[in-house]
Every structure is written in C-alpha cells, then in structure tokens.
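**Student:** Data file input22.pdb (PDB, C-alpha atoms) is appended below.
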ATOM      1  CA  MET H  28      12.503 189.149  60.716
ATOM      2  CA  SER H  29      16.145 188.307  61.514
ATOM      3  CA  ALA H  30      18.630 189.984  63.840
ATOM      4  CA  GLU H  31      22.300 189.155  64.400
ATOM      5  CA  ASN H  32      21.691 186.032  66.509
ATOM      6  CA  ASN H  33      17.906 185.752  66.519
ATOM      7  CA  ILE H  34      15.009 185.117  64.176
ATOM      8  CA  TYR H  35      11.526 186.465  64.876
ATOM      9  CA  LEU H  36       8.432 184.985  63.243
ATOM     10  CA  MET H  37       5.254 187.063  63.371
ATOM     11  CA  GLN H  38       1.691 186.081  62.477
ATOM     12  CA  ASN H  39      -1.297 188.422  62.314
ATOM     13  CA  ILE H  40      -4.438 186.854  63.806
ATOM     14  CA  LEU H  41      -7.819 188.341  62.935
ATOM     15  CA  GLY H  42     -11.273 186.890  63.507
ATOM     16  CA  LYS H  43     -14.027 186.167  66.028
ATOM     17  CA  GLY H  44     -13.493 189.484  67.756
ATOM     18  CA  LEU H  45      -9.779 188.808  68.249
ATOM     19  CA  GLU H  46      -6.981 190.835  66.696
ATOM     20  CA  TYR H  47      -3.415 190.231  67.791
ATOM     21  CA  THR H  48       0.078 189.378  66.584
ATOM     22  CA  ASN H  49       1.821 186.134  67.500
ATOM     23  CA  ILE H  50       5.579 186.560  68.014
ATOM     24  CA  LEU H  51       7.965 183.595  68.066
ATOM     25  CA  LYS H  52      11.641 184.122  68.907
ATOM     26  CA  LEU H  53      14.360 181.648  67.900
ATOM     27  CA  SER H  54      18.078 181.873  68.682
ATOM     28  CA  VAL H  55      20.535 180.901  65.953
ATOM     29  CA  ASP H  56      24.139 179.724  66.449
ATOM     30  CA  LYS H  57      25.444 178.505  63.079
ATOM     31  CA  THR H  58      23.240 175.447  62.433
ATOM     32  CA  ASP H  59      21.849 175.304  65.982
ATOM     33  CA  VAL H  60      18.355 176.800  66.192
ATOM     34  CA  LYS H  61      16.565 176.941  69.546
ATOM     35  CA  TYR H  62      13.194 178.170  70.791
ATOM     36  CA  VAL H  63      13.541 181.173  73.097
ATOM     37  CA  ALA H  64      10.087 182.600  73.788
ATOM     38  CA  SER H  65       6.684 183.510  72.363
ATOM     39  CA  LYS H  66       4.288 186.379  72.965
ATOM     40  CA  LYS H  67       0.967 187.828  71.846
ATOM     41  CA  VAL H  68       0.450 191.579  71.524
ATOM     42  CA  PRO H  69      -2.794 193.395  70.642
ATOM     43  CA  GLY H  70      -3.259 194.502  67.038
ATOM     44  CA  ASN H  71      -1.756 193.521  63.692
ATOM     45  CA  MET H  72       1.508 194.514  62.025
ATOM     46  CA  ARG H  73       1.483 196.572  58.827
ATOM     47  CA  ASN H  74       4.534 194.833  57.305
ATOM     48  CA  GLN H  75       8.077 193.653  58.098
ATOM     49  CA  PHE H  76       9.221 197.210  58.809
ATOM     50  CA  SER H  77       6.860 197.379  61.800
ATOM     51  CA  ALA H  78       9.277 195.479  64.081
ATOM     52  CA  ASP H  79      12.971 195.361  64.933
ATOM     53  CA  GLU H  80      15.491 194.231  67.552
ATOM     54  CA  TYR H  81      17.577 196.911  69.269
ATOM     55  CA  LYS H  82      19.954 196.539  72.203
ATOM     56  CA  GLY H  83      18.492 193.111  72.964
ATOM     57  CA  ASN H  84      14.890 194.362  73.034
ATOM     58  CA  PHE H  85      12.148 193.713  70.496
ATOM     59  CA  ARG H  86      10.041 196.644  69.289
ATOM     60  CA  ILE H  87       6.789 196.322  67.355
ATOM     61  CA  ALA H  88       4.081 198.732  66.151
ATOM     62  CA  THR H  89       0.526 197.428  65.600
ATOM     63  CA  ASN H  90      -2.934 198.635  64.637
ATOM     64  CA  GLU H  91      -5.978 197.296  66.484
ATOM     65  CA  ASP H  92      -9.464 197.160  64.984
ATOM     66  CA  ASN H  93      -8.599 199.874  62.408
ATOM     67  CA  ASN H  94      -8.816 202.364  65.261
ATOM     68  CA  TRP H  95      -5.936 202.269  67.710
ATOM     69  CA  ASN H  96      -2.188 202.248  67.095
ATOM     70  CA  HIS H  97       0.254 200.821  69.620
ATOM     71  CA  LEU H  98       3.983 200.481  70.167
ATOM     72  CA  PHE H  99       5.323 197.670  72.384
ATOM     73  CA  ILE H 100       8.858 197.148  73.707
ATOM     74  CA  LEU H 101       9.660 193.609  74.891
ATOM     75  CA  ASP H 102      12.802 192.291  76.581
ATOM     76  CA  SER H 103      15.017 189.410  75.404
ATOM     77  CA  SER H 104      12.483 186.908  76.814
ATOM     78  CA  LEU H 105       9.582 188.782  75.167
ATOM     79  CA  ASN H 106       8.295 190.098  78.483
ATOM     80  CA  LEU H 107       6.630 193.482  78.169
ATOM     81  CA  ILE H 108       8.868 196.369  79.248
ATOM     82  CA  SER H 109       6.686 199.283  78.176
ATOM     83  CA  SER H 110       4.227 200.504  75.572
ATOM     84  CA  VAL H 111       2.659 203.534  73.949
ATOM     85  CA  ARG H 112      -1.007 202.657  73.432
ATOM     86  CA  ASN H 113      -3.909 204.301  71.638
ATOM     87  CA  MET H 114      -1.574 206.551  69.688
ATOM     88  CA  SER H 115      -4.393 207.878  67.507
ATOM     89  CA  GLU H 116      -8.099 207.184  67.034
ATOM     90  CA  ILE H 117      -9.764 205.964  63.804
ATOM     91  CA  ASP H 118      -6.411 205.771  62.007
ATOM     92  CA  ASN H 119      -4.338 202.962  60.526
ATOM     93  CA  ILE H 120      -0.568 202.593  60.604
ATOM     94  CA  GLN H 121       0.726 203.048  57.057
ATOM     95  CA  SER H 122       4.500 203.039  57.521
ATOM     96  CA  VAL H 123       7.031 202.485  60.294
ATOM     97  CA  TYR H 124      10.792 202.906  60.587
ATOM     98  CA  PHE H 125      12.993 202.334  63.622
ATOM     99  CA  ASP H 126      16.311 204.171  63.612
ATOM    100  CA  GLY H 127      18.213 203.468  66.823
ATOM    101  CA  ASP H 128      16.745 205.514  69.658
ATOM    102  CA  ILE H 129      14.145 207.133  67.384
ATOM    103  CA  GLY H 130      11.008 205.615  65.874
ATOM    104  CA  TYR H 131       8.895 207.023  63.039
ATOM    105  CA  ILE H 132       5.249 205.997  62.559
ATOM    106  CA  VAL H 133       2.830 207.376  59.981
ATOM    107  CA  THR H 134      -0.907 206.881  60.511
ATOM    108  CA  TYR H 135      -3.615 207.531  57.936
ATOM    109  CA  MET H 136      -7.266 208.481  57.770
ATOM    110  CA  ASN H 137      -7.937 211.757  55.977
ATOM    111  CA  THR H 138      -4.517 213.288  56.573
ATOM    112  CA  ASP H 139      -1.344 211.359  57.339
ATOM    113  CA  LEU H 140       0.293 212.135  60.668
ATOM    114  CA  LEU H 141       4.016 211.495  61.104
ATOM    115  CA  TYR H 142       4.804 210.597  64.713
ATOM    116  CA  VAL H 143       8.367 210.844  66.006
ATOM    117  CA  LEU H 144       9.040 208.776  69.136
ATOM    118  CA  ASP H 145      11.925 208.903  71.590
ATOM    119  CA  LEU H 146      12.795 205.262  72.378
ATOM    120  CA  SER H 147      16.107 205.930  74.142
ATOM    121  CA  ASP H 148      14.620 204.830  77.477
ATOM    122  CA  SER H 149      13.038 201.432  76.840
ATOM    123  CA  LYS H 150      11.048 201.764  80.061
ATOM    124  CA  SER H 151       9.554 205.096  79.090
ATOM    125  CA  PRO H 152       9.024 205.581  75.326
ATOM    126  CA  LYS H 153       7.282 208.801  74.394
ATOM    127  CA  ILE H 154       5.902 210.712  71.428
ATOM    128  CA  ILE H 155       7.967 213.853  70.968
ATOM    129  CA  SER H 156       6.314 215.366  67.888
ATOM    130  CA  GLY H 157       3.688 214.908  65.208
ATOM    131  CA  LEU H 158       3.506 216.443  61.737
ATOM    132  CA  LYS H 159       0.516 216.392  59.368
ATOM    133  CA  ILE H 160       1.386 215.418  55.809
ATOM    134  CA  PRO H 161      -1.176 215.584  52.970
ATOM    135  CA  ASP H 162      -0.653 212.273  51.171
ATOM    136  CA  TYR H 163      -0.764 208.518  51.740
ATOM    137  CA  SER H 164       2.587 207.370  53.156
ATOM    138  CA  THR H 165       3.771 203.814  52.493
ATOM    139  CA  TYR H 166       7.495 203.798  53.278
ATOM    140  CA  LEU H 167       9.975 205.657  55.504
ATOM    141  CA  GLN H 168      13.779 205.558  55.445
ATOM    142  CA  PRO H 169      16.360 207.864  57.060
ATOM    143  CA  LEU H 170      19.014 208.879  54.533
ATOM    144  CA  GLY H 171      21.522 210.279  57.025
ATOM    145  CA  ASN H 172      22.477 213.870  57.828
ATOM    146  CA  GLY H 173      19.094 214.480  59.455
ATOM    147  CA  ILE H 174      17.052 213.644  56.328
ATOM    148  CA  LEU H 175      14.069 211.266  56.205
ATOM    149  CA  LEU H 176      12.700 209.878  52.929
ATOM    150  CA  ASP H 177       8.919 209.359  52.720
ATOM    151  CA  MET H 178       7.408 207.469  49.772
ATOM    152  CA  GLU H 179       3.692 208.023  49.283
ATOM    153  CA  TYR H 180       1.482 205.788  47.165
ATOM    154  CA  SER H 181      -1.947 204.159  47.301
ATOM    155  CA  GLN H 182      -3.112 201.590  44.775
ATOM    156  CA  TYR H 183      -6.689 202.831  45.305
ATOM    157  CA  TYR H 184      -6.287 206.606  45.294
ATOM    158  CA  THR H 185      -3.270 207.649  43.252
ATOM    159  CA  ASP H 186      -2.273 210.322  40.788
ATOM    160  CA  GLY H 187       1.324 209.171  40.919
ATOM    161  CA  ILE H 188       4.038 208.319  43.383
ATOM    162  CA  LYS H 189       5.336 211.029  45.678
ATOM    163  CA  ALA H 190       8.835 211.125  47.133
ATOM    164  CA  ALA H 191       9.246 213.648  49.960
ATOM    165  CA  LEU H 192      12.247 214.633  52.075
ATOM    166  CA  PHE H 193      11.875 215.710  55.705
ATOM    167  CA  ASP H 194      14.397 217.539  57.839
ATOM    168  CA  ILE H 195      14.466 215.559  61.105
ATOM    169  CA  SER H 196      17.666 217.067  62.518
ATOM    170  CA  ASP H 197      15.406 218.470  65.251
ATOM    171  CA  PRO H 198      13.129 215.499  66.071
ATOM    172  CA  TYR H 199      10.848 217.823  68.029
ATOM    173  CA  ASN H 200      10.138 219.824  64.870
ATOM    174  CA  PRO H 201      10.240 217.724  61.655
ATOM    175  CA  LYS H 202       9.709 219.679  58.421
ATOM    176  CA  GLU H 203       9.066 218.710  54.818
ATOM    177  CA  ILE H 204      11.770 220.378  52.733
ATOM    178  CA  SER H 205      11.101 219.069  49.219
ATOM    179  CA  SER H 206       8.937 216.659  47.214
ATOM    180  CA  LEU H 207       8.718 215.120  43.754
ATOM    181  CA  LYS H 208       5.796 213.468  41.940
ATOM    182  CA  LEU H 209       6.674 210.442  39.793
ATOM    183  CA  GLY H 210       4.505 208.825  37.114
ATOM    184  CA  GLY H 211       0.741 209.172  36.784
ATOM    185  CA  VAL H 212      -2.565 207.403  37.430
ATOM    186  CA  SER H 213      -1.295 203.974  36.353
ATOM    187  CA  SER H 214       1.950 204.205  38.339
ATOM    188  CA  TYR H 215       2.711 201.451  40.820
ATOM    189  CA  THR H 216       5.408 200.601  43.340
ATOM    190  CA  ASP H 217       5.681 197.805  45.888
ATOM    191  CA  ILE H 218       8.016 199.812  48.079
ATOM    192  CA  GLY H 219       5.660 199.521  51.040
ATOM    193  CA  GLU H 220       6.190 195.763  51.136
ATOM    194  CA  ASN H 221       9.533 195.232  49.414
ATOM    195  CA  HIS H 222      12.595 197.059  50.763
ATOM    196  CA  LYS H 223      14.558 196.055  47.636
ATOM    197  CA  SER H 224      12.441 198.500  45.647
ATOM    198  CA  ILE H 225      14.783 201.289  46.743
ATOM    199  CA  LEU H 226      18.545 201.542  46.288
ATOM    200  CA  ASN H 227      20.281 204.259  48.281
ATOM    201  CA  ILE H 228      23.888 205.226  47.463
ATOM    202  CA  PRO H 229      24.856 207.833  50.099
ATOM    203  CA  LYS H 230      28.328 208.495  48.588
ATOM    204  CA  TYR H 231      26.747 209.995  45.477
ATOM    205  CA  SER H 232      23.450 211.146  47.058
ATOM    206  CA  LEU H 233      21.558 208.874  44.660
ATOM    207  CA  ASP H 234      18.323 206.943  45.186
ATOM    208  CA  PHE H 235      16.674 204.564  42.731
ATOM    209  CA  PHE H 236      13.056 203.388  42.983
ATOM    210  CA  GLY H 237      11.391 200.354  41.422
ATOM    211  CA  LYS H 238       7.895 200.810  40.049
TER     212      LYS H 238
END
Before we go any further, please render this structure as structure tokens.

**Tutor:**
Amino acid sequence: MSAENNIYLMQNILGKGLEYTNILKLSVDKTDVKYVASKKVPGNMRNQFSADEYKGNFRIATNEDNNWNHLFILDSSLNLISSVRNMSEIDNIQSVYFDGDIGYIVTYMNTDLLYVLDLSDSKSPKIISGLKIPDYSTYLQPLGNGILLDMEYSQYYTDGIKAALFDISDPYNPKEISSLKLGGVSSYTDIGENHKSILNIPKYSLDFFGK
C-alpha cells in the first residue's frame, strides 16, 4: 500500500498457532527509499482495502483465528496508539473502507453486520453503529453525498451479484435505500480484490462494474 510519501508492505503470517500481520514502512523521496519501522499486529488482513494512512497514522483491520476482528491505529513510527479489539465473535471481516474520520467494516457469518466506526480521535476509536445486512459483502465505497456502495458476491454461494446503496448521512443510523441484482449463478466479479473493477463518475452519477 502506498501513501503520499510512504510505502507500506504487509504480509499475513499463519501457522503453528500464530496468526499475525507483518507491517514494513518505507519512506520515499524521489529515488531515495529508506526503512522507517516495522510492526506485528494480531490477525490477518482481508485485502489491500483493510489498511490506510491518515493524518500520519496507519490504520489496519484484521481477523484473528476466524473468530475475532480488530482495528489498530499506529503512529508514524508504527507504535500502537489505540485499538478496537474483539469486534465480533465467530465472524470474518469481508470488506473494509476507511473514509477520513469514519471507518466501515463488514463481518460475515450467517448475516453480514456493517460496523460504522468513529476514528476522529485516534486515541479513542469507537463503534458508533451496526446494521445487519442479508448478503455476503465483498466491497465498500462511499460515493459522496452520504451514500455508501456495497457490492455483495461469494464465489461459493451466489445467485448473482448484488449492488446496494446505503444512506450513511447519519452514521449512527445507516439504512439500505436501494439494491440491484446483477447476473445469475455463473456471475463473477473480482471487485473484492481489484479496485479497478469499478469506475465511478460522480459528475454523471454513473458506476460501471467489471464481472
């Protein structure tokens, strides 16, 4: 993952009773690349959308042992500032999106749960709401004007691809406002791993999906 002046390399480690993510931070100034810091945090990342850099801090969401979901906030030297641990039991993180002071995390077991987190105070992050959604979420993206796009697809249990819009103008009370099913049993999209699978053109309120 790259930020304006930094590159972060992450590696999921799993085996022998250990499950953690290695984080390596490098600073970049034109062609000058320097080691800054490294850190281990419990649990594994879902994908590249599970981490970001914001106001000099590094934020990462992980799942540990297919049971516990965590959020960690680290400073510019990768020292732990704060965390939200054990977010839900017997659930896996399916999709994550960080949008400034707000974070969105969807976990999955039998019913997806959309968590909205207030990250405005890096020393005291908190869950401010949770909304049950009936399908298998794989990708989240705010579209502006208080609207969140949720793409839902599972290669194992699918009768199509679902695109849903949520009203998040009140983060304490997110609501699904519309949805659309695309394709059928054989439908596929890599949107959960490849951000280039979606093209958003806000000027014309258009979105295109690769499948």

**Student:** With the file shown as input, list the residues that the PyMOL selection byres ((chain H and resi 122-127) around 9) selects, as a list of chain:residue names.

**Tutor:** H:Arg73, H:Asn74, H:Phe76, H:Ser77, H:Ala78, H:Asp79, H:Tyr81, H:Lys82, H:Arg86, H:Ala88, H:Ile120, H:Gln121, H:Asp128, H:Ile129, H:Gly130, H:Tyr131, H:Ile132, H:Val133, H:Thr134, H:Leu146, H:Ser147, H:Ser164, H:Thr165, H:Tyr166, H:Leu167, H:Gln168, H:Pro169, H:Gly219

**Student:** Determine, counting only C-alpha atoms, which protein, DNA and RNA residues have an atom within 12 Å of an atom of Leu105 (chain H); residues of the same chain fewer than 6 positions away are not included. Present the result as a VMD selection string.

**Tutor:** chain H and resid 35 49 to 53 63 to 68 80 83 to 87 99

**Student:** Of the candidates H:Leu175, H:Ala190, H:Leu170, H:Leu158, which shows the shortest atom-to-atom distance to Leu207 (chain H), using only C-alpha atoms?

**Tutor:** H:Ala190

**Student:** I'd like the contact shell of Asn71 (chain H) - 6 Å cut-off, only C-alpha atoms, skipping same-chain residues fewer than 3 positions apart - returned as a PyMOL selection string.

**Tutor:** chain H and resi 39+47-48+89-90

**Student:** Which is closer to Pro152 (chain H) than all the others in H:Ile100, H:Met37, H:Val212, H:Ile225, using only C-alpha atoms?

**Tutor:**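 With only C-alpha atoms as the atom set, the closest residue is H:Ile100.
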
**Student:** Residues within 9 Å of Ser151 (chain H), please, as a PyMOL selection string. Count all atoms listed in the file; anything in the same chain fewer than 6 positions from it doesn't count.

**Tutor:** chain H and resi 108-111+145

**Student:** Could you check which of H:Ile155, H:Ile174, H:Leu45, H:Leu192 is closest to Tyr142 (chain H), using only C-alpha atoms?

**Tutor:**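 Using only C-alpha atoms, the shortest distance to Tyr142 (chain H) belongs to H:Ile155.
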
**Student:** How would you write, as a list of chain:residue names, the residues chosen by the PyMOL selection byres ((chain H and resi 209) around 6) on this structure?

**Tutor:** H:Gly187, H:Ile188, H:Lys208, H:Gly210

**Student:** Determine the residue membership of the PyMOL selection byres ((chain H and resi 193) around 10) for the file above and supply it as a list of chain:residue names.

**Tutor:**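 Selected by the PyMOL selection byres ((chain H and resi 193) around 10) in this file: H:Pro169, H:Leu170, H:Gly173, H:Ile174, H:Leu175, H:Leu176, H:Asp177, H:Ala191, H:Leu192, H:Asp194, H:Ile195, H:Ser196, H:Pro201, H:Lys202, H:Glu203, H:Ile204, H:Ser205, H:Ser206.
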
**Student:** Rounded to one decimal, what separation in Å do you get between CA of Ile154 (chain H) and CA of His97 (chain H)?

**Tutor:**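 Answer for the CA of Ile154 (chain H) to CA of His97 (chain H) separation: 11.5 Å.
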
**Student:** Can you work out the spacing between CA of Leu141 (chain H) and CA of Ile160 (chain H) in Å, to one decimal?

**Tutor:**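 A separation of 7.1 Å between them.
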
**Student:** Compare H:Glu46, H:Asp92, H:Asp56, H:Asp139 by their minimum atom-to-atom distance to Asn32 (chain H), counting all atoms listed in the file, and give me the closest one.

**Tutor:**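 For Asn32 (chain H), the nearest of the given residues is H:Asp56.
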
**Student:** Give me, please, the distance in Å between CA of Tyr135 (chain H) and CA of Asp118 (chain H), quoted to one decimal.

**Tutor:** 5.2 Å

**Student:** Could you tell me which of H:Lys223, H:Lys153, H:Arg112, H:Lys159 comes closest to Gly70 (chain H) if we count all atoms listed in the file?

**Tutor:**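 Closest residue, counting all atoms listed in the file: H:Arg112.
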
**Student:** From the block I gave, I'd like region 78-92 of chain H written with all heavy atoms, as a CSV table (one decimal), in the first residue's frame.

**Tutor:**
chain,number,residue,atom,x,y,z
H,78,ALA,N,-6.3,-1.5,5.1
H,78,ALA,CA,-5.4,-0.6,5.7
H,78,ALA,C,-5.3,0.7,5.0
H,78,ALA,O,-5.5,0.8,3.8
H,78,ALA,CB,-4.0,-1.3,5.8
H,79,ASP,N,-4.9,1.8,5.7
H,79,ASP,CA,-4.7,3.1,5.1
H,79,ASP,C,-3.8,3.9,6.0
H,79,ASP,O,-3.5,3.6,7.1
H,79,ASP,CB,-6.0,3.8,4.7
H,79,ASP,CG,-6.6,4.6,5.8
H,79,ASP,OD1,-6.3,4.3,7.0
H,79,ASP,OD2,-7.3,5.5,5.6
H,80,GLU,N,-3.3,5.0,5.4
H,80,GLU,CA,-2.6,6.1,6.2
H,80,GLU,C,-3.5,7.3,6.2
H,80,GLU,O,-4.0,7.8,5.2
H,80,GLU,CB,-1.2,6.4,5.5
H,80,GLU,CG,-0.4,7.4,6.3
H,80,GLU,CD,0.8,7.8,5.6
H,80,GLU,OE1,0.7,8.8,4.8
H,80,GLU,OE2,1.9,7.3,5.9
H,81,TYR,N,-3.6,7.9,7.4
H,81,TYR,CA,-4.5,9.1,7.5
H,81,TYR,C,-3.9,10.0,8.6
H,81,TYR,O,-3.7,9.5,9.7
H,81,TYR,CB,-5.9,8.7,7.9
H,81,TYR,CG,-6.9,9.8,8.0
H,81,TYR,CD1,-7.2,10.6,6.9
H,81,TYR,CD2,-7.5,10.1,9.3
H,81,TYR,CE1,-8.1,11.6,7.1
H,81,TYR,CE2,-8.4,11.1,9.4
H,81,TYR,CZ,-8.7,11.9,8.3
H,81,TYR,OH,-9.6,12.9,8.4
H,82,LYS,N,-3.6,11.2,8.2
H,82,LYS,CA,-3.0,12.2,9.2
H,82,LYS,C,-1.8,11.7,9.9
H,82,LYS,O,-1.6,11.9,11.0
H,82,LYS,CB,-4.1,12.6,10.2
H,82,LYS,CG,-5.3,13.4,9.6
H,82,LYS,CD,-6.2,13.9,10.7
H,82,LYS,CE,-7.4,14.7,10.1
H,82,LYS,NZ,-8.3,15.1,11.1
H,83,GLY,N,-1.0,11.0,9.1
H,83,GLY,CA,0.3,10.5,9.6
H,83,GLY,C,0.2,9.1,10.4
H,83,GLY,O,1.2,8.6,10.7
H,84,ASN,N,-1.0,8.7,10.6
H,84,ASN,CA,-1.2,7.4,11.3
H,84,ASN,C,-1.5,6.3,10.4
H,84,ASN,O,-2.1,6.5,9.3
H,84,ASN,CB,-2.3,7.5,12.4
H,84,ASN,CG,-2.0,8.5,13.5
H,84,ASN,OD1,-0.8,8.6,13.8
H,84,ASN,ND2,-3.0,9.2,14.0
H,85,PHE,N,-1.3,5.1,10.8
H,85,PHE,CA,-1.6,3.9,10.0
H,85,PHE,C,-2.7,3.1,10.6
H,85,PHE,O,-2.7,2.8,11.8
H,85,PHE,CB,-0.3,3.0,9.9
H,85,PHE,CG,-0.5,1.8,9.0
H,85,PHE,CD1,-0.5,1.9,7.6
H,85,PHE,CD2,-0.6,0.5,9.6
H,85,PHE,CE1,-0.7,0.7,6.9
H,85,PHE,CE2,-0.8,-0.6,8.9
H,85,PHE,CZ,-0.8,-0.5,7.5
H,86,ARG,N,-3.7,2.8,9.8
H,86,ARG,CA,-4.9,2.1,10.4
H,86,ARG,C,-5.1,0.8,9.6
H,86,ARG,O,-4.9,0.7,8.4
H,86,ARG,CB,-6.1,3.0,10.2
H,86,ARG,CG,-6.0,4.4,10.7
H,86,ARG,CD,-7.2,5.2,10.6
H,86,ARG,NE,-7.6,5.5,9.3
H,86,ARG,CZ,-8.5,6.5,8.9
H,86,ARG,NH1,-9.1,7.2,9.9
H,86,ARG,NH2,-8.8,6.7,7.7
H,87,ILE,N,-5.3,-0.3,10.4
H,87,ILE,CA,-5.4,-1.6,9.8
H,87,ILE,C,-6.5,-2.4,10.5
H,87,ILE,O,-6.6,-2.4,11.8
H,87,ILE,CB,-4.1,-2.3,9.8
H,87,ILE,CG1,-4.2,-3.7,9.1
H,87,ILE,CG2,-3.5,-2.5,11.2
H,87,ILE,CD1,-2.8,-4.4,8.9
H,88,ALA,N,-7.3,-3.2,9.8
H,88,ALA,CA,-8.3,-4.1,10.3
H,88,ALA,C,-7.9,-5.5,10.0
H,88,ALA,O,-7.5,-5.8,8.9
H,88,ALA,CB,-9.7,-3.8,9.7
H,89,THR,N,-8.0,-6.4,11.0
H,89,THR,CA,-7.6,-7.8,10.9
H,89,THR,C,-8.6,-8.7,11.5
H,89,THR,O,-9.4,-8.3,12.3
H,89,THR,CB,-6.2,-8.0,11.5
H,89,THR,OG1,-6.3,-7.9,13.0
H,89,THR,CG2,-5.1,-7.1,11.0
H,90,ASN,N,-8.5,-10.0,11.0
H,90,ASN,CA,-9.3,-11.0,11.6
H,90,ASN,C,-8.4,-12.1,12.2
H,90,ASN,O,-7.4,-12.5,11.6
H,90,ASN,CB,-10.2,-11.7,10.6
H,90,ASN,CG,-10.9,-12.9,11.1
H,90,ASN,OD1,-10.5,-14.1,11.0
H,90,ASN,ND2,-12.1,-12.7,11.8
H,91,GLU,N,-8.7,-12.5,13.4
H,91,GLU,CA,-7.8,-13.5,14.1
H,91,GLU,C,-8.5,-14.8,14.3
H,91,GLU,O,-9.6,-14.8,15.0
H,91,GLU,CB,-7.3,-12.9,15.4
H,91,GLU,CG,-6.3,-13.7,16.2
H,91,GLU,CD,-5.8,-13.0,17.5
H,91,GLU,OE1,-6.4,-12.0,17.8
H,91,GLU,OE2,-4.9,-13.6,18.1
H,92,ASP,N,-7.9,-15.9,13.8
H,92,ASP,CA,-8.4,-17.2,14.1
H,92,ASP,C,-9.9,-17.4,13.6
H,92,ASP,O,-10.6,-18.2,14.2
H,92,ASP,CB,-8.3,-17.5,15.5
H,92,ASP,CG,-8.4,-19.0,15.8
H,92,ASP,OD1,-8.0,-19.8,14.9
H,92,ASP,OD2,-8.9,-19.4,16.9
